[in-house]
Amino acid sequence: MNKILIISLSALLSAPAFAGMQPFFAKNIPEGWPSYEIKDYNGQVEDGYDGPLSNILVIYDPSIKPEQLNRYLVQQTAIANKAHDINNIKYRRNVVAAIPMKLEGDNVAEVADSFEFGAFDEIRRKYGASIVSLVINSNLADSQCGVQTSYHTVTAFNEPCSLPTLLAHEWGHVDRLGHEYEHTWSHFEDDNYAWRCGGKPTIMSADLNYDQFDLNEFYSDPNVTRGGEACGTVTANNAKVLKESISYPTSYWKQITPLPEIGNVTIALDENQSSEFEKVITVTRDGDLSQAASIEVYSDAVTAVPATDYQELAERVEFAPNEATKTVTLQLANPAPADAVCDDGERTLKLGTRWGEKLGSSNQLDLIVKTPEGTLATCAKDKEPEPENPDSGNGGGGSTGLLSLFSLALLLFRRRN
């Protein structure tokens with residue numbers, strides 16, 4: 001199994017750019033980078049696009065927060081597709097499903113060694129995916145952030161591995177792209193591409209000791225320049241390799257036709273079964289009910305705060321043959337956490353369905369949440385000014401304070417002796 005080491009843990013932790021970082025939050029992404037938008041959840045590929053498409057199935061550790069992961073996936077597809085545009089390549093990557101599944105192993109190397117190449121083929125074909133990307137929480141004992149093996153990738157979702165192009169980098173390896181180094185020498189024997197222009201690395205760079213967002217968002221290509229310098233040579237031209245890969249795909253890369261849709265799903269709020277802190281959602285499918293099918297119901301913040309206003313929802317609903325209706329539950333924060341929003345205004349989130357196995361989506365729901373009255377009362381109490389001490393002025397009480405300080409100093413002196 002050909003594993004590609006992204007970066008050693010010791011080298012990564014020594015890079016000052018990563019000190020104190022919180023991974024995968026939009027607030028860390030500089031202006032000008034691909035931004036997360038709700039509409040992009042199922043829209044990484046623009047309407048009317050008819051070119052080569054790399055559909056990706058993501059299997060992730062259930063301990064990872066779904067909303068945080070999904071924003072990261074949207075970010076990575078946006079970065080990869082922007083690179084294709086810069087390199088003048090008609091090509092799109094598209095995440096077709098993200099499924100929580102506990103995998104064997106505690107780090108990238110162990111997970112990569114735990115499965116056979118054909119282990120995920122059946123589920124991959126259900127979603128019409130070309131690539132399977134496994135996203136895990138890692139103990140980093142192997143000092144690896146990511147590997148690529150055939151049409152699989154395994155990457156760690158940890159703060160030390162919060163690299164801006166990690167998944168896009170591994171997807172490039174699936175399409176036969178090699179590492180791009182600052183110099184034309186590589187310590188990987190099978191790497192033939194080494195370039196860095198304008199003093200910045202690229203998406204396929206393996207030299208990661210740099211400001212994580214200060215990079216060229218493309219692949220090595222002599223037709224692309226920065227500061228008058230060509231960003232590639234005859235031998236350092238990953239853009240050319242990518243064009244060849246999508247023109248003559250291997251048997252495993254070819255786009256797989258997903259299972260045909262047999263119906264659509266509609267979601268609705270069940271007012272009778274719901275309570276203040278628990279919202280019951282009915283999930284109803286139509287069409288051919290004789291076949292088993294599934295779809296994911298998910299939550300997404302608009303102005304509400306996940307884990308503070310509500311508990312994130314990403315639940316796969318499995319319909320048995322002749323089963324038309326199921327329910328899922330959205331939990332609102334109760335009791336309110338310590339970091340509850342101290343605001344009596346309304347905040348919103350949405351619920352939707354996506355990534356159906358033989359099912360499409362019909363609608364989405366908009367829900368409103370408010371901070372509980374009890375929490376607002378606590379917030380108001382916390383904001384009350386402390387009552388003034390009448391003896392804290394310059395009057396007769398002042399000498400008492402000085403005597404107290406003297407007594408404390410004397411006590412500390414005795415303890416030291």
# chains A, B, ... in the order shown; residues from 1 in each chain; ligands from 1

call {"tool": "residues_around", "arguments": {"residues": "Gln148 (chain A)", "least_positions_apart": "3", "cutoff": "6 Å", "atoms": "only C-alpha atoms", "output": "NGL selection string"}}
result
:A and (152-153 or 170)

call {"tool": "write_last_selection", "arguments": {"atoms": "C-alpha atoms", "output": "PDB file, in the first residue's frame"}}
result
ATOM      1  CA  HIS A 152      -9.427   6.060  -1.199  1.00  0.00           C
ATOM      2  CA  THR A 153      -8.142   8.857   0.994  1.00  0.00           C
ATOM      3  CA  GLU A 170      -5.242  13.995  -1.263  1.00  0.00           C
TER       4      GLU A 170
END

call {"tool": "select_by_dssp", "arguments": {"residues": "region 71-195 of chain A", "states": "helix (DSSP H, G or I)", "output": "PyMOL selection string"}}
result
chain A and resi 71-86+108-113+121-126+159-161+166-174

call {"tool": "closest_atom_pairs", "arguments": {"of": "region 108-161 of chain A", "to": "region 48-64 of chain A", "cutoff": "12 Å", "atoms": "only C-alpha atoms", "output": "Markdown table"}}
result
| residue | atom | partner | partner_atom | distance |
| --- | --- | --- | --- | --- |
| A:Val111 | CA | A:Asp61 | CA | 11.2 |
| A:Phe120 | CA | A:Ile59 | CA | 9.8 |
| A:Asp121 | CA | A:Leu57 | CA | 10.7 |
| A:Glu122 | CA | A:Leu57 | CA | 11.6 |
| A:Ile123 | CA | A:Leu57 | CA | 8.7 |
| A:Arg124 | CA | A:Leu57 | CA | 6.5 |
| A:Arg125 | CA | A:Leu57 | CA | 9.5 |
| A:Lys126 | CA | A:Leu57 | CA | 9.8 |
| A:Tyr127 | CA | A:Leu57 | CA | 7.3 |
| A:Gly128 | CA | A:Asn55 | CA | 6.9 |
| A:Ala129 | CA | A:Asn55 | CA | 4.6 |
| A:Ser130 | CA | A:Asn55 | CA | 5.3 |
| A:Ile131 | CA | A:Ile56 | CA | 4.8 |
| A:Val132 | CA | A:Leu57 | CA | 4.9 |
| A:Ser133 | CA | A:Val58 | CA | 4.7 |
| A:Leu134 | CA | A:Ile59 | CA | 4.9 |
| A:Val135 | CA | A:Tyr60 | CA | 4.6 |
| A:Ile136 | CA | A:Asp61 | CA | 5.1 |
| A:Asn137 | CA | A:Asp61 | CA | 6.7 |
| A:Ser138 | CA | A:Asp61 | CA | 9.9 |
| A:Tyr151 | CA | A:Ile56 | CA | 9.9 |
| A:His152 | CA | A:Ile56 | CA | 9.6 |
| A:Thr153 | CA | A:Val58 | CA | 9.4 |
| A:Val154 | CA | A:Ile59 | CA | 9.5 |
| A:Thr155 | CA | A:Tyr60 | CA | 9.7 |
| A:Ala156 | CA | A:Tyr60 | CA | 9.9 |
| A:Phe157 | CA | A:Ile64 | CA | 8.0 |
| A:Asn158 | CA | A:Ile64 | CA | 9.8 |

call {"tool": "closest_residue", "arguments": {"among": "A:Val45, A:Cys197, A:Val147, A:Ala236", "to": "Asp113 (chain A)", "atoms": "only C-alpha atoms"}}
result
A:Val147

call {"tool": "atom_distance", "arguments": {"atom1": "CA of Leu351 (chain A)", "atom2": "CA of Leu365 (chain A)"}}
result
5.0 Å

call {"tool": "residues_around", "arguments": {"residues": "Leu332 (chain A)", "least_positions_apart": "6", "cutoff": "9 Å", "atoms": "only C-alpha atoms", "output": "count of residues only"}}
result
10

call {"tool": "residues_around", "arguments": {"residues": "Gly263 (chain A)", "least_positions_apart": "4", "cutoff": "7 Å", "atoms": "only C-alpha atoms", "output": "ChimeraX atom specification"}}
result
/A:285-288,359-360

call {"tool": "write_last_selection", "arguments": {"atoms": "N, CA and C atoms", "output": "short mmCIF file (atom, residue, chain, number, x, y, z; two decimals), in the first residue's frame"}}
result
data_model
loop_
_atom_site.label_atom_id
_atom_site.label_comp_id
_atom_site.auth_asym_id
_atom_site.auth_seq_id
_atom_site.Cartn_x
_atom_site.Cartn_y
_atom_site.Cartn_z
N ARG A 285 -41.95 9.59 2.65
CA ARG A 285 -41.53 9.38 1.26
C ARG A 285 -42.71 9.00 0.39
N ASP A 286 -42.57 9.26 -0.92
CA ASP A 286 -43.59 8.87 -1.88
C ASP A 286 -42.96 7.98 -2.95
N GLY A 287 -43.71 7.71 -4.01
CA GLY A 287 -43.18 6.91 -5.10
C GLY A 287 -43.31 5.42 -4.84
N ASP A 288 -42.33 4.66 -5.30
CA ASP A 288 -42.33 3.21 -5.17
C ASP A 288 -41.93 2.83 -3.74
N LEU A 359 -33.57 8.15 -3.11
CA LEU A 359 -34.58 9.14 -2.74
C LEU A 359 -34.08 10.56 -3.01
N GLY A 360 -34.99 11.43 -3.42
CA GLY A 360 -34.68 12.84 -3.59
C GLY A 360 -35.31 13.67 -2.49
#

call {"tool": "atom_distance", "arguments": {"atom1": "CA of Lys240 (chain A)", "atom2": "CA of Asp85 (chain A)"}}
result
13.6 Å

call {"tool": "closest_residue", "arguments": {"among": "A:Asn81, A:Ser143, A:Val297, A:Lys90", "to": "Val108 (chain A)", "atoms": "only C-alpha atoms"}}
result
A:Ser143

call {"tool": "closest_residue", "arguments": {"among": "A:Leu73, A:Leu177, A:Ala98, A:Leu166", "to": "Val241 (chain A)", "atoms": "only C-alpha atoms"}}
result
A:Leu177

call {"tool": "closest_residue", "arguments": {"among": "A:Leu242, A:Leu289, A:Ala333, A:Pro249", "to": "Ala320 (chain A)", "atoms": "only C-alpha atoms"}}
result
A:Leu289

call {"tool": "residues_around", "arguments": {"residues": "Ala239 (chain A)", "least_positions_apart": "6", "cutoff": "7 Å", "atoms": "only C-alpha atoms", "output": "list in words"}}
result
Asn87, Tyr219, Ser220 and Asp221 of chain A

call {"tool": "residues_around", "arguments": {"residues": "Ile295 (chain A)", "least_positions_apart": "2", "cutoff": "8 Å", "atoms": "only C-alpha atoms", "output": "number ranges by chain"}}
result
A: 293, 297, 316-318, 353-357, 359

call {"tool": "write_last_selection", "arguments": {"atoms": "N, CA, C and O atoms", "output": "PDB file, in the first residue's frame"}}
result
ATOM      1  N   ALA A 293     -34.995   2.098   1.132  1.00  0.00           N
ATOM      2  CA  ALA A 293     -34.283   3.305   0.719  1.00  0.00           C
ATOM      3  C   ALA A 293     -33.900   4.090   1.962  1.00  0.00           C
ATOM      4  O   ALA A 293     -34.355   3.784   3.075  1.00  0.00           O
ATOM      5  N   VAL A 297     -31.367  13.298   7.288  1.00  0.00           N
ATOM      6  CA  VAL A 297     -31.996  14.534   7.757  1.00  0.00           C
ATOM      7  C   VAL A 297     -30.926  15.300   8.540  1.00  0.00           C
ATOM      8  O   VAL A 297     -30.266  14.738   9.406  1.00  0.00           O
ATOM      9  N   ARG A 316     -29.352   9.432   9.603  1.00  0.00           N
ATOM     10  CA  ARG A 316     -29.775   8.696   8.411  1.00  0.00           C
ATOM     11  C   ARG A 316     -31.071   7.955   8.723  1.00  0.00           C
ATOM     12  O   ARG A 316     -31.160   7.186   9.672  1.00  0.00           O
ATOM     13  N   VAL A 317     -32.099   8.196   7.901  1.00  0.00           N
ATOM     14  CA  VAL A 317     -33.408   7.570   8.070  1.00  0.00           C
ATOM     15  C   VAL A 317     -33.495   6.399   7.102  1.00  0.00           C
ATOM     16  O   VAL A 317     -33.381   6.582   5.880  1.00  0.00           O
ATOM     17  N   GLU A 318     -33.686   5.212   7.654  1.00  0.00           N
ATOM     18  CA  GLU A 318     -33.763   3.988   6.847  1.00  0.00           C
ATOM     19  C   GLU A 318     -35.225   3.561   6.703  1.00  0.00           C
ATOM     20  O   GLU A 318     -35.903   3.299   7.698  1.00  0.00           O
ATOM     21  N   THR A 353     -33.085  17.570   3.964  1.00  0.00           N
ATOM     22  CA  THR A 353     -32.723  16.189   3.650  1.00  0.00           C
ATOM     23  C   THR A 353     -31.743  16.200   2.490  1.00  0.00           C
ATOM     24  O   THR A 353     -31.810  17.073   1.615  1.00  0.00           O
ATOM     25  N   ARG A 354     -30.847  15.232   2.475  1.00  0.00           N
ATOM     26  CA  ARG A 354     -29.815  15.194   1.436  1.00  0.00           C
ATOM     27  C   ARG A 354     -29.258  13.783   1.335  1.00  0.00           C
ATOM     28  O   ARG A 354     -29.520  12.924   2.167  1.00  0.00           O
ATOM     29  N   TRP A 355     -28.465  13.579   0.290  1.00  0.00           N
ATOM     30  CA  TRP A 355     -27.684  12.363   0.136  1.00  0.00           C
ATOM     31  C   TRP A 355     -28.559  11.116   0.220  1.00  0.00           C
ATOM     32  O   TRP A 355     -28.299  10.186   0.970  1.00  0.00           O
ATOM     33  N   GLY A 356     -29.607  11.129  -0.580  1.00  0.00           N
ATOM     34  CA  GLY A 356     -30.540  10.015  -0.545  1.00  0.00           C
ATOM     35  C   GLY A 356     -30.049   8.791  -1.300  1.00  0.00           C
ATOM     36  O   GLY A 356     -29.429   8.908  -2.361  1.00  0.00           O
ATOM     37  N   GLU A 357     -30.317   7.645  -0.753  1.00  0.00           N
ATOM     38  CA  GLU A 357     -30.118   6.381  -1.456  1.00  0.00           C
ATOM     39  C   GLU A 357     -31.450   6.027  -2.105  1.00  0.00           C
ATOM     40  O   GLU A 357     -32.397   5.603  -1.438  1.00  0.00           O
ATOM     41  N   LEU A 359     -33.567   8.149  -3.113  1.00  0.00           N
ATOM     42  CA  LEU A 359     -34.583   9.142  -2.744  1.00  0.00           C
ATOM     43  C   LEU A 359     -34.077  10.556  -3.010  1.00  0.00           C
ATOM     44  O   LEU A 359     -32.893  10.853  -2.809  1.00  0.00           O
TER      45      LEU A 359
END

call {"tool": "atom_distance", "arguments": {"atom1": "CA of Tyr72 (chain A)", "atom2": "CA of Phe218 (chain A)"}}
result
18.5 Å

call {"tool": "residues_around", "arguments": {"residues": "Ser290 (chain A)", "least_positions_apart": "4", "cutoff": "9 Å", "atoms": "only C-alpha atoms", "output": "MDAnalysis selection string"}}
result
chainID A and resid 320:323

call {"tool": "select_by_dssp", "arguments": {"residues": "region 70-298 of chain A", "states": "strand (DSSP E or B)", "output": "count of residues only"}}
result
58

call {"tool": "decode", "arguments": {"residues": "region 283-305 of chain A", "atoms": "N, CA and C atoms", "output": "PDB file, in the first residue's frame"}}
result
ATOM      1  N   VAL A 283     -40.796  12.362   8.587  1.00  0.00           N
ATOM      2  CA  VAL A 283     -40.111  12.193   7.305  1.00  0.00           C
ATOM      3  C   VAL A 283     -40.963  11.229   6.478  1.00  0.00           C
ATOM      4  N   THR A 284     -41.519  11.723   5.391  1.00  0.00           N
ATOM      5  CA  THR A 284     -42.455  10.930   4.591  1.00  0.00           C
ATOM      6  C   THR A 284     -41.938  10.803   3.158  1.00  0.00           C
ATOM      7  N   ARG A 285     -41.954   9.589   2.650  1.00  0.00           N
ATOM      8  CA  ARG A 285     -41.528   9.385   1.261  1.00  0.00           C
ATOM      9  C   ARG A 285     -42.714   8.996   0.395  1.00  0.00           C
ATOM     10  N   ASP A 286     -42.569   9.256  -0.922  1.00  0.00           N
ATOM     11  CA  ASP A 286     -43.595   8.866  -1.876  1.00  0.00           C
ATOM     12  C   ASP A 286     -42.964   7.985  -2.945  1.00  0.00           C
ATOM     13  N   GLY A 287     -43.712   7.706  -4.006  1.00  0.00           N
ATOM     14  CA  GLY A 287     -43.182   6.909  -5.097  1.00  0.00           C
ATOM     15  C   GLY A 287     -43.308   5.418  -4.838  1.00  0.00           C
ATOM     16  N   ASP A 288     -42.328   4.662  -5.296  1.00  0.00           N
ATOM     17  CA  ASP A 288     -42.325   3.209  -5.173  1.00  0.00           C
ATOM     18  C   ASP A 288     -41.926   2.830  -3.744  1.00  0.00           C
ATOM     19  N   LEU A 289     -42.888   2.391  -2.950  1.00  0.00           N
ATOM     20  CA  LEU A 289     -42.624   2.054  -1.553  1.00  0.00           C
ATOM     21  C   LEU A 289     -42.176   0.605  -1.369  1.00  0.00           C
ATOM     22  N   SER A 290     -42.157  -0.167  -2.431  1.00  0.00           N
ATOM     23  CA  SER A 290     -41.836  -1.592  -2.294  1.00  0.00           C
ATOM     24  C   SER A 290     -40.355  -1.843  -2.030  1.00  0.00           C
ATOM     25  N   GLN A 291     -39.509  -0.824  -2.278  1.00  0.00           N
ATOM     26  CA  GLN A 291     -38.069  -0.999  -2.106  1.00  0.00           C
ATOM     27  C   GLN A 291     -37.572  -0.279  -0.851  1.00  0.00           C
ATOM     28  N   ALA A 292     -36.547  -0.833  -0.236  1.00  0.00           N
ATOM     29  CA  ALA A 292     -35.875  -0.148   0.877  1.00  0.00           C
ATOM     30  C   ALA A 292     -35.106   1.058   0.335  1.00  0.00           C
ATOM     31  N   ALA A 293     -34.995   2.098   1.132  1.00  0.00           N
ATOM     32  CA  ALA A 293     -34.283   3.305   0.719  1.00  0.00           C
ATOM     33  C   ALA A 293     -33.900   4.090   1.962  1.00  0.00           C
ATOM     34  N   SER A 294     -33.067   5.094   1.800  1.00  0.00           N
ATOM     35  CA  SER A 294     -32.644   5.902   2.954  1.00  0.00           C
ATOM     36  C   SER A 294     -32.292   7.312   2.502  1.00  0.00           C
ATOM     37  N   ILE A 295     -32.247   8.214   3.483  1.00  0.00           N
ATOM     38  CA  ILE A 295     -31.858   9.597   3.237  1.00  0.00           C
ATOM     39  C   ILE A 295     -31.412  10.192   4.565  1.00  0.00           C
ATOM     40  N   GLU A 296     -30.585  11.241   4.527  1.00  0.00           N
ATOM     41  CA  GLU A 296     -30.132  11.883   5.763  1.00  0.00           C
ATOM     42  C   GLU A 296     -30.937  13.143   6.036  1.00  0.00           C
ATOM     43  N   VAL A 297     -31.367  13.298   7.288  1.00  0.00           N
ATOM     44  CA  VAL A 297     -31.996  14.534   7.757  1.00  0.00           C
ATOM     45  C   VAL A 297     -30.926  15.300   8.540  1.00  0.00           C
ATOM     46  N   TYR A 298     -30.744  16.571   8.221  1.00  0.00           N
ATOM     47  CA  TYR A 298     -29.655  17.330   8.840  1.00  0.00           C
ATOM     48  C   TYR A 298     -30.126  18.706   9.301  1.00  0.00           C
ATOM     49  N   SER A 299     -29.410  19.265  10.259  1.00  0.00           N
ATOM     50  CA  SER A 299     -29.649  20.629  10.720  1.00  0.00           C
ATOM     51  C   SER A 299     -28.526  21.518  10.227  1.00  0.00           C
ATOM     52  N   ASP A 300     -28.829  22.801  10.130  1.00  0.00           N
ATOM     53  CA  ASP A 300     -27.800  23.747   9.707  1.00  0.00           C
ATOM     54  C   ASP A 300     -28.098  25.112  10.305  1.00  0.00           C
ATOM     55  N   ALA A 301     -27.098  25.707  10.925  1.00  0.00           N
ATOM     56  CA  ALA A 301     -27.281  27.005  11.562  1.00  0.00           C
ATOM     57  C   ALA A 301     -27.470  28.101  10.526  1.00  0.00           C
ATOM     58  N   VAL A 302     -28.374  29.030  10.839  1.00  0.00           N
ATOM     59  CA  VAL A 302     -28.488  30.267  10.074  1.00  0.00           C
ATOM     60  C   VAL A 302     -28.006  31.394  10.990  1.00  0.00           C
ATOM     61  N   THR A 303     -28.813  31.726  12.006  1.00  0.00           N
ATOM     62  CA  THR A 303     -28.334  32.647  13.045  1.00  0.00           C
ATOM     63  C   THR A 303     -28.269  31.956  14.409  1.00  0.00           C
ATOM     64  N   ALA A 304     -28.874  30.774  14.531  1.00  0.00           N
ATOM     65  CA  ALA A 304     -28.781  30.009  15.776  1.00  0.00           C
ATOM     66  C   ALA A 304     -27.368  29.457  15.950  1.00  0.00           C
ATOM     67  N   VAL A 305     -27.024  29.102  17.179  1.00  0.00           N
ATOM     68  CA  VAL A 305     -25.677  28.635  17.497  1.00  0.00           C
ATOM     69  C   VAL A 305     -25.730  27.143  17.828  1.00  0.00           C
TER      70      VAL A 305
END
